[in-house]
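Okay, structure first, notes after.
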Amino acid sequence: MPVSGLDLIEEIIALKRERNAVILAHNYQIKEIQEVADFVGDSLGLSYRAAETQADVIVFCGVHFMAETAKIVNPSKRVVMPDEHAGCSLSDSCPAEKLEAFLKVHAEKNYYVVSYINCSAGVKALSDVICTSGNAVRMVERVPAGRNILFCPDENLGQWVMDQTGREMTLWRGNCYVHVEFTQKAIERAKFEWPDAPVVAHPECTKAVRLLADEVCSTEKMITYCKSHPAKAFVIVTESGMLHRLRREIPGKEFIAGPTDKCACADCRYMKMNTLEKLHACLDKLDPEIIIPESIRARAELPLRRMLDWSK
Ligand code: 13P
Ligand code: SF4
């Protein structure tokens, strides 16, 4: 029988206990999922939580590459997600076969491949180190001097890291369809309307937008920045789910949705595929489950573990 509202939340909590499951949720998840999760965070925080958990089942409320990451570091655990179709445009922009072919054609460059965590297990398996928006600068700084770097798949994050580190890199031409919707014009308008509100932008935004921002950082750092900054209002230039996390954790301040040219509705259609009903069903059936061929998983674990070590 279908369940709803409070009953649904109670059933999710009961099923979670029964299955000895942990619910991990990304900052872009809908409010209701954030509120029922055991941990809400950015890709880096979620990777650590996934690597450290004692639970038998990991329920990953985020997108596919995030649940895959949890499985890569937990081969013996069951990792399930509410909707297996929750993908990522950025991850899709770099298919593993294309990256493999590129590396073959440019073999003389002997690239050190730094891959943003928003990529498939197949791409991770071809990489030397993984990074997130929270540690990309540190990861690139650790790459042995003199090595040519290929940064994939996000050209905007890559360009930002080049600006921060002064290190040249070849950039894969991928981007996030949500973050490139924020335009210089729209953010200029927001600055005019709220002159005292610092602009906080995710590094997946274009350079024209990043240059207008007072702070460029990962979703988790947005929390610490807005908490410690004396301002009372902030313009948040990232996916809409972040506003809920900020409002919940910093109740005394105002968070304004960064506008795009079309609207102020920066919803990631993939992140928003997860619902409480699907979360309930996946805990109940332990399906859809993440399965990765062992040869790929084992190769993907090396650069991911390297990131977790280098990030400590
Ligand atoms: P964070 O790691 O900063 O949370 O970013 C993940 C993401 O998908 C951004 O679009
Ligand atoms: Fe991927 Fe962009 Fe959605 Fe993040 S917001 S999951 S990068 S499509």
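Residues are referred to by chain and number: the chain letter is A, B, ... according to the order shown in the structure tokens, the number counts from 1 in that chain, and ligands are numbered separately from 1 in the order shown.
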
Any residue with an atom at most 8 Å from ligand 2 counts, using only C-alpha atoms and all ligand atoms. Which are they? Put them as a PyMOL selection string. chain A and resi 28+62-63+87-91+118+175-179+204+238-239+267-271

So that I can see what lies close to region 296-300 of chain A, please list as a list in words the residues with an atom at most 9 Å from it, counting only C-alpha atoms and leaving out residues fewer than 2 positions away in the same chain. Thr69, Lys71, Ile72, Val73, Pro75, Ala121, Gly122, Val123, Lys124, Ala125, Leu126, Ser127, Ile292, Pro293, Glu294, Leu302, Pro303, Leu304 and Arg305 of chain A

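Distances here use only C-alpha atoms and all ligand atoms; by that measure, the residue among A:Ile9, A:Met307, A:Leu286, A:Met66 closest to ligand 1 is A:Met66.
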
Find the residues near ligand 1. Use a cut-off of 6 Å, count only C-alpha atoms and all ligand atoms, and write them as a PDB file with C-alpha atoms, in the first residue's frame.
```pdb
ATOM      1  CA  ASP A  42      29.675  17.968  -0.678  1.00  0.00           C
ATOM      2  CA  SER A  43      31.385  15.350  -2.828  1.00  0.00           C
ATOM      3  CA  LEU A  44      34.508  15.348  -0.672  1.00  0.00           C
ATOM      4  CA  THR A 132      36.583  17.508  -5.925  1.00  0.00           C
ATOM      5  CA  SER A 133      35.814  21.217  -6.026  1.00  0.00           C
ATOM      6  CA  SER A 218      32.759  24.055  -3.053  1.00  0.00           C
ATOM      7  CA  THR A 219      29.257  23.673  -1.666  1.00  0.00           C
TER       8      THR A 219
END
```

Apply DSSP to the backbone of this structure and, from region 116-209 of chain A, keep only the residues in strand (DSSP E); write these as an MDAnalysis selection string. chainID A and resid 116 129:131 149:152 170:171 199:201

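In this model, the gap between CA of Arg247 (chain A) and CA of Glu11 (chain A) comes to 26.4 Å.
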
DSSP on the backbone, then: every residue of region 80-119 of chain A marked alpha helix (DSSP H), written as a list in words. Ser89, Leu90, Ser91, Asp92, Ala96, Glu97, Lys98, Leu99, Glu100, Ala101, Phe102, Leu103, Lys104 and Val105 of chain A

Using only C-alpha atoms, find the one residue out of A:Arg210, A:Arg147, A:Lys104, A:Lys77 that sits nearest to Asp163 (chain A). A:Arg210

If we count only C-alpha atoms, what is near Glu155 (chain A) at a cut-off of 9 Å, once residues fewer than 6 positions away on the same chain are taken out, given as a ChimeraX atom specification? /A:171-175,204,206
